[in-house]
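Colleague: Okay, handing you the structure first.
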Amino acid sequence: MDVHSEQVINQKLVSSAGIVDATEAAASAENTFAADVISGLSARHKHLPPKYFYDAAGSRLFEEICRIDEYYVTRSETVLLGNVAAQVATGIPDGAALVEFGSGDSAKTRLLLDAAPQLSTYVPIDISADALCNASARLARDYPQLSVAPLVADFTGHFRLPAAADGRPRIGFFPGSTIGNFDGDGAVRFLRSVRQGLGMHAALLVGVDLIKDPSTLVAAYDDSLGVTARFNKNLLTRINRELGGDFDLDAFDHLALWNAEHSRVEMHLVSRKDQIVNAAGNAFAFRKSERLHTENSHKFSVAMFTRLAAEAGWSADKIWISDAPRVAMFRLVCSE
């Protein structure tokens with residue numbers, strides 16, 4: 001077992017400052033969480049960043065979502081990756097580092113690792129320390145020839161890649177249509193930051209959900225078993241636990257809807273009554289039927305995403321599309 005794997009098992013986390021204790025990283029994350037909750041709940045249109053879904057419980061719930069019938073994204077993308085992994089691998093240089101943004105349980109990553117044994121380093125980046133540590137330990141065990149260098153970070157912010165990726169060709173990996181969680185400007189900023197972080201000669205594999213009929217889209221975010229509703233409300237549970245909140249989960253309903261104007265599925269929590277909620281040392285008023293906007297999931301045509309990537313300095317080198325329900329995998333290369 002190499003040093004990076006030992007760091008995972010000992011729950012030592014790689015950060016922009018080097019190796020830090022999990023408690024130190026957690027304290028910094030809590031301060032940011034509190035600031036974002038205060039800002040979002042104080043806004044005229046209340047909102048919270050979807051990255052805060054992914055505490056340990058949220059990560060487990062999302063894994064459950066990925067297995068339900070209505071949530072086609074994971075199933076379609078996994079089949080697609082399995083079908084094209086060998087083609088993807090031909091574009092990966094010897095000794096390259098695979099850098100995954102929002103790695104979660106790294107399940108799809110195994111398809112690339114199996115197809116591309118020439119990869120020397122894997123850098124999973126995730127905001128959830130628990131999910132990251134568990135997944136990295138399993139990968140270090142199953143791929144002993146691979147240097148696994150986990151990085152606990154908000155991949156939407158500034159961070160520095162671990163030294164294990166220095167001097168190596170870099171391939172970014174961003175599956176799951178997570179790019180759809182950004183608005184247009186945010187997606188461009190993120191893709192620009194990835195280009196800068198990976199370097200000018202890097203490539204980026206991005207999973208994109210394609211536009212389809214609204215009934216299929218909404219069902220994927222409002223499943224009949226109520227798993228997505230629990231996932232959405234877990235954000236309130238996390239606020240209660242970590243920020244001294246007193247949200248009554250039964251006083252909010254889960255809502256998913258298709259916004260055709262902005263080409264996105266939206267998730268909200270809707271207040272069932274007039275109420276005052278305390279969190280992070282502040283009091284927030286909710287009116288009956290007022291919405292707390294928790295997530296956007298934008299859907300694209302091939303042309304729409306190609307244009308968006310071009311704004312960020314990437315060009316689409318290859319595009320693979322699944323059978324219905326259709327999702328796409330784009331291989332982007334630097335165009336500037």
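Labeling convention for the structure tokens: chains A, B, ... as they appear, residues from 1 per chain, ligands from 1 in order of appearance.
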Name the residues of segment 59-205 of chain A that come out as strand (DSSP E) in a backbone DSSP run; write them as a PyMOL selection string.
Modeller: chain A and resi 97-101+121-126+147-148+151-152+170-174+203-205
Colleague: Please produce an output containing N, CA, C and O atoms for each residue in the selection, written as a PDB file, in the first residue's frame.
Modeller:
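The file below, part_15.pdb, is the result:
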ATOM      1  N   ALA A  97      -2.507  11.247 -15.271  1.00  0.00           N
ATOM      2  CA  ALA A  97      -3.285  11.366 -14.039  1.00  0.00           C
ATOM      3  C   ALA A  97      -4.735  11.637 -14.400  1.00  0.00           C
ATOM      4  O   ALA A  97      -5.028  12.535 -15.197  1.00  0.00           O
ATOM      5  N   LEU A  98      -5.635  10.842 -13.830  1.00  0.00           N
ATOM      6  CA  LEU A  98      -7.068  11.048 -14.001  1.00  0.00           C
ATOM      7  C   LEU A  98      -7.577  11.851 -12.821  1.00  0.00           C
ATOM      8  O   LEU A  98      -7.438  11.435 -11.663  1.00  0.00           O
ATOM      9  N   VAL A  99      -8.143  13.021 -13.082  1.00  0.00           N
ATOM     10  CA  VAL A  99      -8.627  13.923 -12.039  1.00  0.00           C
ATOM     11  C   VAL A  99     -10.146  13.986 -12.135  1.00  0.00           C
ATOM     12  O   VAL A  99     -10.697  14.454 -13.134  1.00  0.00           O
ATOM     13  N   GLU A 100     -10.831  13.481 -11.097  1.00  0.00           N
ATOM     14  CA  GLU A 100     -12.290  13.438 -11.132  1.00  0.00           C
ATOM     15  C   GLU A 100     -12.879  14.485 -10.198  1.00  0.00           C
ATOM     16  O   GLU A 100     -12.531  14.566  -9.021  1.00  0.00           O
ATOM     17  N   PHE A 101     -13.804  15.260 -10.724  1.00  0.00           N
ATOM     18  CA  PHE A 101     -14.453  16.336  -9.973  1.00  0.00           C
ATOM     19  C   PHE A 101     -15.793  15.833  -9.439  1.00  0.00           C
ATOM     20  O   PHE A 101     -16.665  15.438 -10.204  1.00  0.00           O
ATOM     21  N   THR A 121      -2.018   7.613 -11.951  1.00  0.00           N
ATOM     22  CA  THR A 121      -2.470   8.359 -10.774  1.00  0.00           C
ATOM     23  C   THR A 121      -3.949   8.672 -10.912  1.00  0.00           C
ATOM     24  O   THR A 121      -4.430   8.991 -12.005  1.00  0.00           O
ATOM     25  N   TYR A 122      -4.645   8.564  -9.788  1.00  0.00           N
ATOM     26  CA  TYR A 122      -6.054   8.943  -9.747  1.00  0.00           C
ATOM     27  C   TYR A 122      -6.239   9.947  -8.631  1.00  0.00           C
ATOM     28  O   TYR A 122      -5.888   9.698  -7.473  1.00  0.00           O
ATOM     29  N   VAL A 123      -6.798  11.122  -8.972  1.00  0.00           N
ATOM     30  CA  VAL A 123      -7.044  12.192  -8.007  1.00  0.00           C
ATOM     31  C   VAL A 123      -8.554  12.405  -7.908  1.00  0.00           C
ATOM     32  O   VAL A 123      -9.148  13.121  -8.728  1.00  0.00           O
ATOM     33  N   PRO A 124      -9.215  11.754  -6.952  1.00  0.00           N
ATOM     34  CA  PRO A 124     -10.640  12.011  -6.747  1.00  0.00           C
ATOM     35  C   PRO A 124     -10.828  13.256  -5.883  1.00  0.00           C
ATOM     36  O   PRO A 124     -10.179  13.403  -4.842  1.00  0.00           O
ATOM     37  N   ILE A 125     -11.706  14.149  -6.308  1.00  0.00           N
ATOM     38  CA  ILE A 125     -11.972  15.385  -5.564  1.00  0.00           C
ATOM     39  C   ILE A 125     -13.435  15.365  -5.147  1.00  0.00           C
ATOM     40  O   ILE A 125     -14.325  15.209  -5.983  1.00  0.00           O
ATOM     41  N   ASP A 126     -13.681  15.534  -3.855  1.00  0.00           N
ATOM     42  CA  ASP A 126     -15.062  15.518  -3.383  1.00  0.00           C
ATOM     43  C   ASP A 126     -15.168  16.354  -2.120  1.00  0.00           C
ATOM     44  O   ASP A 126     -14.213  16.445  -1.334  1.00  0.00           O
ATOM     45  N   SER A 147      -1.545   5.032  -8.047  1.00  0.00           N
ATOM     46  CA  SER A 147      -1.374   5.973  -6.941  1.00  0.00           C
ATOM     47  C   SER A 147      -2.681   6.750  -6.765  1.00  0.00           C
ATOM     48  O   SER A 147      -3.118   7.460  -7.669  1.00  0.00           O
ATOM     49  N   VAL A 148      -3.336   6.555  -5.616  1.00  0.00           N
ATOM     50  CA  VAL A 148      -4.609   7.212  -5.339  1.00  0.00           C
ATOM     51  C   VAL A 148      -4.341   8.387  -4.405  1.00  0.00           C
ATOM     52  O   VAL A 148      -3.895   8.211  -3.272  1.00  0.00           O
ATOM     53  N   LEU A 151      -8.425  14.287  -2.685  1.00  0.00           N
ATOM     54  CA  LEU A 151      -8.410  15.705  -2.322  1.00  0.00           C
ATOM     55  C   LEU A 151      -9.800  16.096  -1.831  1.00  0.00           C
ATOM     56  O   LEU A 151     -10.771  16.056  -2.590  1.00  0.00           O
ATOM     57  N   VAL A 152      -9.911  16.415  -0.553  1.00  0.00           N
ATOM     58  CA  VAL A 152     -11.173  16.912  -0.008  1.00  0.00           C
ATOM     59  C   VAL A 152     -11.245  18.410  -0.305  1.00  0.00           C
ATOM     60  O   VAL A 152     -10.444  19.196   0.204  1.00  0.00           O
ATOM     61  N   ARG A 170      -2.724  15.173 -17.914  1.00  0.00           N
ATOM     62  CA  ARG A 170      -3.907  15.164 -17.055  1.00  0.00           C
ATOM     63  C   ARG A 170      -5.178  15.014 -17.872  1.00  0.00           C
ATOM     64  O   ARG A 170      -5.371  15.699 -18.877  1.00  0.00           O
ATOM     65  N   ILE A 171      -6.032  14.122 -17.391  1.00  0.00           N
ATOM     66  CA  ILE A 171      -7.352  13.917 -17.983  1.00  0.00           C
ATOM     67  C   ILE A 171      -8.384  14.229 -16.907  1.00  0.00           C
ATOM     68  O   ILE A 171      -8.413  13.578 -15.853  1.00  0.00           O
ATOM     69  N   GLY A 172      -9.215  15.230 -17.136  1.00  0.00           N
ATOM     70  CA  GLY A 172     -10.288  15.530 -16.205  1.00  0.00           C
ATOM     71  C   GLY A 172     -11.489  14.632 -16.467  1.00  0.00           C
ATOM     72  O   GLY A 172     -11.739  14.219 -17.608  1.00  0.00           O
ATOM     73  N   PHE A 173     -12.232  14.332 -15.424  1.00  0.00           N
ATOM     74  CA  PHE A 173     -13.412  13.460 -15.529  1.00  0.00           C
ATOM     75  C   PHE A 173     -14.521  14.076 -14.688  1.00  0.00           C
ATOM     76  O   PHE A 173     -14.368  14.267 -13.477  1.00  0.00           O
ATOM     77  N   PHE A 174     -15.642  14.399 -15.345  1.00  0.00           N
ATOM     78  CA  PHE A 174     -16.755  15.070 -14.672  1.00  0.00           C
ATOM     79  C   PHE A 174     -18.063  14.440 -15.147  1.00  0.00           C
ATOM     80  O   PHE A 174     -18.800  15.009 -15.947  1.00  0.00           O
ATOM     81  N   ALA A 203      -7.136  17.106 -21.365  1.00  0.00           N
ATOM     82  CA  ALA A 203      -8.456  16.822 -21.935  1.00  0.00           C
ATOM     83  C   ALA A 203      -9.444  16.691 -20.779  1.00  0.00           C
ATOM     84  O   ALA A 203      -9.045  16.453 -19.627  1.00  0.00           O
ATOM     85  N   LEU A 204     -10.717  16.844 -21.080  1.00  0.00           N
ATOM     86  CA  LEU A 204     -11.759  16.769 -20.059  1.00  0.00           C
ATOM     87  C   LEU A 204     -12.921  15.950 -20.597  1.00  0.00           C
ATOM     88  O   LEU A 204     -13.468  16.245 -21.662  1.00  0.00           O
ATOM     89  N   LEU A 205     -13.298  14.912 -19.862  1.00  0.00           N
ATOM     90  CA  LEU A 205     -14.468  14.097 -20.180  1.00  0.00           C
ATOM     91  C   LEU A 205     -15.640  14.598 -19.332  1.00  0.00           C
ATOM     92  O   LEU A 205     -15.564  14.585 -18.105  1.00  0.00           O
TER      93      LEU A 205
END
Colleague: List the neighbours of Arg195 of chain A out to 12 Å using only C-alpha atoms; skip same-chain residues closer than 4 positions along the sequence, and give me the result as a list in words.
Modeller: Val99, Arg170, Ile171, Gly172, Val188, Arg189, Phe190, Leu191, Gly199, Met200, His201, Ala202, Ala203, Leu204, Leu205, Ala309, Ala310, Glu311, Ala312, Gly313, Trp314, Ser315, Leu332, Val333, Cys334, Ser335 and Glu336 of chain A
Colleague: Find the distance between atom CA of Glu242 of chain A and atom CA of His158 of chain A and write it in Å to one decimal.
Modeller: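 Value for the atom CA of Glu242 of chain A-atom CA of His158 of chain A distance: 23.7 Å.
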Colleague: Please identify all polymer residues within 10 Å of Phe33 of chain A, counting only C-alpha atoms, omitting same-chain residues fewer than 5 positions from it, and present them as a list in words.
Modeller: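 Non-adjacent residues within range: Ala27, Ser28, Ile38, Ser39, Leu48, Pro49, Lys51, Tyr52, Ile239, Glu242, Leu243 and Ala280 of chain A.
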Colleague: If we count only C-alpha atoms and set the cut-off at 7 Å, which residues sit around Val277 of chain A, ignoring sequence neighbours fewer than 4 positions away in its own chain? Please answer as a list in words.
Modeller: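 With the cut-off at 7 Å, the set is Asp246, Phe247, Ala283, Phe284 and Ala285 of chain A.
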Colleague: How would the residues just chosen look if you wrote them out with N, CA and C atoms as a JSON list (two decimals), in the first residue's frame?
Modeller:
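Output file again_39.json follows:
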[["chain", "number", "residue", "atom", "x", "y", "z"],
["A", 246, "ASP", "N", -33.56, 24.61, 13.60],
["A", 246, "ASP", "CA", -34.77, 23.98, 14.14],
["A", 246, "ASP", "C", -35.83, 23.78, 13.05],
["A", 247, "PHE", "N", -35.36, 23.45, 11.83],
["A", 247, "PHE", "CA", -36.29, 23.14, 10.75],
["A", 247, "PHE", "C", -37.16, 21.95, 11.12],
["A", 283, "ALA", "N", -32.60, 34.13, 12.57],
["A", 283, "ALA", "CA", -34.00, 33.74, 12.38],
["A", 283, "ALA", "C", -34.43, 34.11, 10.97],
["A", 284, "PHE", "N", -35.17, 33.20, 10.33],
["A", 284, "PHE", "CA", -35.60, 33.41, 8.94],
["A", 284, "PHE", "C", -37.10, 33.15, 8.84],
["A", 285, "ALA", "N", -37.81, 34.08, 8.20],
["A", 285, "ALA", "CA", -39.26, 33.95, 8.03],
["A", 285, "ALA", "C", -39.57, 33.28, 6.70]]
Colleague: So which one's closest to Lys233 of chain A, A:His293, A:Lys212, A:His298, A:Arg331? Using only C-alpha atoms, please.
Modeller: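 Under the stated criterion, the closest residue is A:His293.
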Colleague: Please compute the atom CA of Pro50 of chain A-atom CA of Lys273 of chain A distance, one decimal, in Å.
Modeller: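 Distance reported for this atom pair: 23.8 Å.
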Colleague: As a CSV table (one decimal) with N, CA and C atoms, in the first residue's frame, please: the residues near Leu113 of chain A (cut-off 9 Å, only C-alpha atoms, same-chain neighbours under 4 positions excluded).
Modeller:
chain,number,residue,atom,x,y,z
A,89,ALA,N,-10.1,5.3,-23.8
A,89,ALA,CA,-8.7,4.9,-23.3
A,89,ALA,C,-7.6,5.2,-24.4
A,98,LEU,N,-5.6,10.8,-13.8
A,98,LEU,CA,-7.1,11.0,-14.0
A,98,LEU,C,-7.6,11.9,-12.8
A,109,THR,N,-15.8,5.4,-12.4
A,109,THR,CA,-14.4,5.6,-12.6
A,109,THR,C,-13.7,4.2,-12.9
A,117,PRO,N,-5.2,0.9,-18.3
A,117,PRO,CA,-4.2,0.6,-17.3
A,117,PRO,C,-2.9,1.4,-17.3
A,118,GLN,N,-2.8,2.2,-18.4
A,118,GLN,CA,-1.7,3.2,-18.5
A,118,GLN,C,-1.8,4.3,-17.5
A,119,LEU,N,-3.0,4.5,-16.9
A,119,LEU,CA,-3.1,5.6,-15.9
A,119,LEU,C,-2.2,5.3,-14.7
A,122,TYR,N,-4.6,8.6,-9.8
A,122,TYR,CA,-6.1,8.9,-9.7
A,122,TYR,C,-6.2,9.9,-8.6
A,143,TYR,N,-6.8,-1.5,-7.0
A,143,TYR,CA,-5.8,-1.1,-8.1
A,143,TYR,C,-4.5,-0.8,-7.4
Colleague: My list of candidates is A:Ser42, A:Gly245, A:Gly180, A:Gly157. Which is closest to Arg192 of chain A when distances are computed with only C-alpha atoms?
Modeller: A:Gly157
Colleague: Please report, as number ranges by chain, each residue of segment 24-222 of chain A to which DSSP assigns alpha helix (DSSP H) when run on this structure's backbone.
Modeller: A: 24-42, 56-65, 72-89, 109-115, 129-142, 184-198, 214-220
Colleague: For atom CA of Asp105 of chain A and atom CA of Val218 of chain A, determine how far apart the two atoms are, in Å to one decimal place.
Modeller: 24.7 Å
Colleague: If we count only C-alpha atoms, what is near segment 80-84 of chain A at a cut-off of 8 Å, once residues fewer than 6 positions away on the same chain are taken out, given as a ChimeraX atom specification?
Modeller: /A:108,111-112,320-322
Colleague: Calculated over only C-alpha atoms, which of the candidates A:Arg141, A:Arg241, A:Lys318, A:His47 has the smallest distance to Thr306 of chain A?
Modeller: A:Lys318
Colleague: Using only C-alpha atoms, which of A:Asp253, A:Asp154, A:Glu266, A:Asp209 sits nearest Thr32 of chain A?
Modeller: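 Closest candidate: A:Asp154.
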